Each structure stands twice: as structure tokens, then as C-alpha cells.
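Following: one structure in C-alpha cells, then a few remarks.
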Amino acid sequence: MAERVGRLLTREWARRKTHRLLSPPPALDAVFPHAAAVASFSTDVDDVQSSRVKIFDRDLKLKQRDRAAWLMGGKNDFVDSVAENLLDRLDDCKKAFPTALCLGGSSGAIRHLIRGRGGIEHLIMMDMSLDMIKHLKETERNSVDNKLETLYMVGDEEFLPIKENSLELVVSCLGLHWTNDLPGAMIQCRLALKPDGLFLASILGGETLKELRIACTIAQMEREGGISPHMSPLAQVRDAGNLLTRAGFALPGVDVDEYTVRYDSALELIEHLRTMGETNALLQRSNMLKRDTALATAAVYESMFAAEDGKIPASFQVIYMTGWKDHPSQQRAKSRGSATISFEDLRKHLGSDEK
């Protein structure tokens, strides 16, 4: 009984969006708000949440993150590949990012694969799940790069407990697509960055798991005579650039990767999604997929998409977003009408089409 009460108290403590797991070292004092500011921030969280449109059940997402922490084990090639591609962008930047924040999602893969890139000296690992934070701490003990000073904290991407102008880098790997207010979360990331700070993020795009969506729709129509939402909506590629601009980032960049992961069965795919914490968290969702519908979904999936060797493919579309906090040293477009050479002058200089 005492253990159960303790777990409930722990979950409630983790649900409060701004509590830290550890006290920050002196080098990171400038990153976190003062205690009074944190307390004031915490009292306003519920009021702010109630005034926003909610798409995802964040309490359910917390439970899914807890479950993912318990299920995690071994190597996840898909997650590692996404994290590696995201961190490759640091190699293209000719500057150092001493203080970095890693948000939720697959932050463990980011911590494992940094390997000195970006000149990071202090790394803050944040997740909404206390169990996930504990798992990340246990994993760090076996990490090759134990020299990197790392702080672990419980927090929510929708309400960052970070001071403005305190970080050089914010990284999110496969996590931000579960926020109810994605533009608001990205704005908070920009505010937390110092001028010329970098925002790197990867999210799942709208073409993710298209095979499963098709199979589930067909199975529901056949067995239930209609469809209900069992898969979460995801951003489209065309929306990503608008999100960066709306959040106020300079020099926005967006690119897309398509991954195809092969599984022995549809059940193995579902188990992989649970391990990643990527199962359905919609507020307006069906409580449970009926057994007959679930079996029909697996059968349709295999009959429509299985390869000759019997394995089934699952598509994952990953959208990478890059943005910088504004700084006078950055490239800027010239204002309209400021050109000193006309196209007519260029034509005369280069010669006519006939020549």
C-alpha cells in the first residue's frame, strides 16, 4: 500500500510541470528561474491549460512515457538513425554551443550520440516522466561519454521552466509532435535561447504509418461499419516552415527523410511503438480497439503490404526543423527597391539571346 501511495505521489509530483529532479550546479544557475518565479509559474499552469484547445491527453502521454521507460532495452536502430541525422547538423555549424537543452522524445539517443559534437559542455536532459528520467540516469552510467556534465530534470515541453536568453542550443528528437500548442512550445524554445542560439528538432510527419492507417480504416469499416480516431494527427511538411516562421526563428530550414522499418508482424510494430512512447494519446479517442477489429487490421495489413519474405513494412516520415534566434551578424535579405543593378543592365552585360 505504501509503495502504491508513493508511486501516486511521485506521478503527481512529475505532473507538475516545473519541478527539478536535481539542484543545478553553479555553472547552470543562470539557466533556471528563481524559486519564487517557479512557484508563481506553477500556480498559473492549470489556468493557462484550461484556456487552450487540447488535442492530446498529456496525462495519458505521461503514463505512456512511464511505460516506455519500463519497456526500453537494447538498441533502437530507427531512433538512433533519426538522432544521428539530427546531430549531423551540428557538424555544419562553425560555432560551439556550451549549454544545451534536450527535450523529451528520444533524448536518450541524443545523449548517447553527441560524442563531443557542437562543443557542448553542459547538457540538460528534460522529460515529463520521472521514470524516464531515472532510466536515462541509469543509462548514463554505462555511457562512453561520461565527461559531459549532465543535469536531469522533470518538465513539460508546453511550459519550459527555463530562463530567457540562457541557452545556446535546444534539441528535440521525436517529441514535440505530442504538444497541444506546437507553435507556443517552439516560441518558448526561442525565448530560452541566447541571440544566435540554435533550435534543432525532428518530428514525425503526416505520412508516418500510412500502411497502418489504411489497414485500420478498412478493418473498422468492415467490422464496425464506421471509423473512429485511433491514430494521432501529425504535421505536414508544408506546415513545418510556417511553424518556424510563426515562432520567430531566423534562417528557417526544413528537410524530410523517409524511413521504412520491416517487422515480422503488425503486433511487433505495435510493441515497437509502445517502446517509443508513440501510441495514440488523442483526447477524443476510442477507449479500446475491439479484438475482432484489431485482428482484422493485422490481417489486412499483412495481405496488402507484406513482402515476399512475410515481413511487413512501416513507413516513418521524419521532418527536421532548424531555426536560429535573431542576431545582427546573421544573413538578411535586402529590402525591396535597394538593388543597384537592373535586369536590363545584366542583359546588356551578358549579351543578348541572339548572341
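Going through the C-alpha cells in order, the chains are called A, B, and so on, while each chain numbers its residues from 1 and the ligands are numbered from 1 in the order shown.
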Item to check | Sel. of strand (DSSP E) residues, segment 35-276 of chain A, as JSON, numbers by chain | outcome: {"A": [99, 100, 101, 102, 103, 122, 123, 124, 125, 126, 127, 149, 150, 151, 152, 153, 154, 167, 168, 169, 170, 171, 172, 173, 193, 194, 195, 196, 197, 198, 199, 200, 201, 202, 203, 204, 250, 251, 252, 253, 254, 255, 256, 257, 258, 259, 260, 261, 262, 263]}
Store the residues of this selection in a file with C-alpha atoms, as a short mmCIF file (atom, residue, chain, number, x, y, z; two decimals), in the first residue's frame.
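Below is the file out_22.cif, written as the result:
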data_model
loop_
_atom_site.label_atom_id
_atom_site.label_comp_id
_atom_site.auth_asym_id
_atom_site.auth_seq_id
_atom_site.Cartn_x
_atom_site.Cartn_y
_atom_site.Cartn_z
CA THR A 99 24.88 24.92 -22.76
CA ALA A 100 22.24 22.75 -24.40
CA LEU A 101 18.74 21.56 -23.53
CA CYS A 102 17.43 18.21 -24.79
CA LEU A 103 13.64 17.87 -24.71
CA HIS A 122 26.64 21.32 -20.07
CA LEU A 123 23.63 19.24 -21.16
CA ILE A 124 20.18 19.48 -19.57
CA MET A 125 18.01 16.40 -20.13
CA MET A 126 14.31 17.14 -19.61
CA ASP A 127 11.34 14.78 -19.77
CA GLU A 149 28.22 17.38 -17.37
CA THR A 150 24.55 16.40 -17.44
CA LEU A 151 21.59 17.62 -15.41
CA TYR A 152 18.34 15.66 -15.34
CA MET A 153 15.04 17.37 -14.69
CA VAL A 154 11.30 16.73 -14.89
CA LEU A 167 20.86 28.50 -23.67
CA GLU A 168 22.93 28.20 -26.83
CA LEU A 169 21.14 25.11 -28.15
CA VAL A 170 17.73 23.43 -27.84
CA VAL A 171 17.32 19.93 -29.30
CA SER A 172 14.15 17.86 -29.54
CA CYS A 173 14.18 14.41 -31.13
CA LEU A 193 17.89 30.70 -26.47
CA LYS A 194 20.55 33.37 -26.41
CA PRO A 195 20.91 35.54 -29.53
CA ASP A 196 22.33 33.42 -32.36
CA GLY A 197 21.25 30.28 -30.48
CA LEU A 198 20.19 27.21 -32.46
CA PHE A 199 16.94 25.24 -32.39
CA LEU A 200 17.04 21.69 -33.77
CA ALA A 201 14.01 19.43 -33.85
CA SER A 202 12.71 16.32 -35.55
CA ILE A 203 9.04 15.38 -35.56
CA LEU A 204 7.00 12.65 -37.22
CA ALA A 250 15.52 33.36 -38.30
CA LEU A 251 17.04 31.43 -41.22
CA PRO A 252 14.46 28.60 -41.01
CA GLY A 253 15.30 25.31 -42.67
CA VAL A 254 13.19 22.21 -43.23
CA ASP A 255 14.04 18.86 -44.79
CA VAL A 256 12.45 15.41 -44.78
CA ASP A 257 13.63 11.84 -44.52
CA GLU A 258 11.57 8.75 -45.29
CA TYR A 259 12.32 5.59 -43.30
CA THR A 260 10.92 2.11 -43.90
CA VAL A 261 11.19 -0.31 -40.98
CA ARG A 262 10.42 -4.01 -41.51
CA TYR A 263 8.64 -6.07 -38.86
#
Within 9 Å of segment 220-233 of chain A: each segment 290-337 of chain A residue with its shortest pair, only C-alpha atoms, as a tab-separated table:
residue	atom	partner	partner_atom	distance
A:Asp292	CA	A:Arg223	CA	7.4
A:Thr293	CA	A:Gln220	CA	6.0
A:Ala294	CA	A:Gln220	CA	8.8
A:Ala296	CA	A:Arg223	CA	8.0
A:Thr297	CA	A:Gln220	CA	7.9
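When only C-alpha atoms are used to measure the gap to Ile55 of chain A, the shortest distance among A:Ala307, A:Leu182, A:Leu191, A:Leu90 belongs to A:Leu182.
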Checklist entry - Hey, what does DSSP flag as helix (DSSP H, G or I) within segment 62-207 of chain A? Can you give it to me as an NGL selection string? => result :A and (62-71 or 77-91 or 107-113 or 117-119 or 130-140 or 176-178 or 182-192)
Item to check | 6 Å contact set for segment 82-88 of chain A, only C-alpha atoms, chain neighbours under 3 positions out, as a PyMOL selection string | outcome: chain A and resi 79+91+110
Resulting file, chosen residues, all heavy atoms, as an mmCIF file, in the first residue's frame:
data_model
loop_
_atom_site.group_PDB
_atom_site.id
_atom_site.type_symbol
_atom_site.label_atom_id
_atom_site.label_comp_id
_atom_site.auth_asym_id
_atom_site.auth_seq_id
_atom_site.Cartn_x
_atom_site.Cartn_y
_atom_site.Cartn_z
ATOM 1 N N VAL A 79 15.374 5.020 -34.103
ATOM 2 C CA VAL A 79 15.565 6.201 -33.263
ATOM 3 C C VAL A 79 17.008 6.689 -33.344
ATOM 4 O O VAL A 79 17.265 7.899 -33.449
ATOM 5 C CB VAL A 79 15.177 5.883 -31.804
ATOM 6 C CG1 VAL A 79 15.588 7.020 -30.877
ATOM 7 C CG2 VAL A 79 13.671 5.655 -31.701
ATOM 8 N N ASP A 91 27.544 19.492 -36.980
ATOM 9 C CA ASP A 91 28.844 19.466 -37.651
ATOM 10 C C ASP A 91 28.962 20.560 -38.706
ATOM 11 O O ASP A 91 30.071 20.961 -39.077
ATOM 12 C CB ASP A 91 29.070 18.095 -38.305
ATOM 13 C CG ASP A 91 29.134 16.972 -37.277
ATOM 14 O OD1 ASP A 91 29.528 17.251 -36.131
ATOM 15 O OD2 ASP A 91 28.771 15.829 -37.620
ATOM 16 N N ILE A 110 20.029 11.029 -28.148
ATOM 17 C CA ILE A 110 20.818 12.260 -28.324
ATOM 18 C C ILE A 110 22.002 12.262 -27.367
ATOM 19 O O ILE A 110 23.141 12.542 -27.759
ATOM 20 C CB ILE A 110 19.927 13.497 -28.082
ATOM 21 C CG1 ILE A 110 18.833 13.592 -29.154
ATOM 22 C CG2 ILE A 110 20.765 14.761 -28.052
ATOM 23 C CD1 ILE A 110 19.334 13.898 -30.535
#
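Note that the spacing between atom CA of Leu212 of chain A and atom CA of Phe316 of chain A amounts to 11.0 Å.
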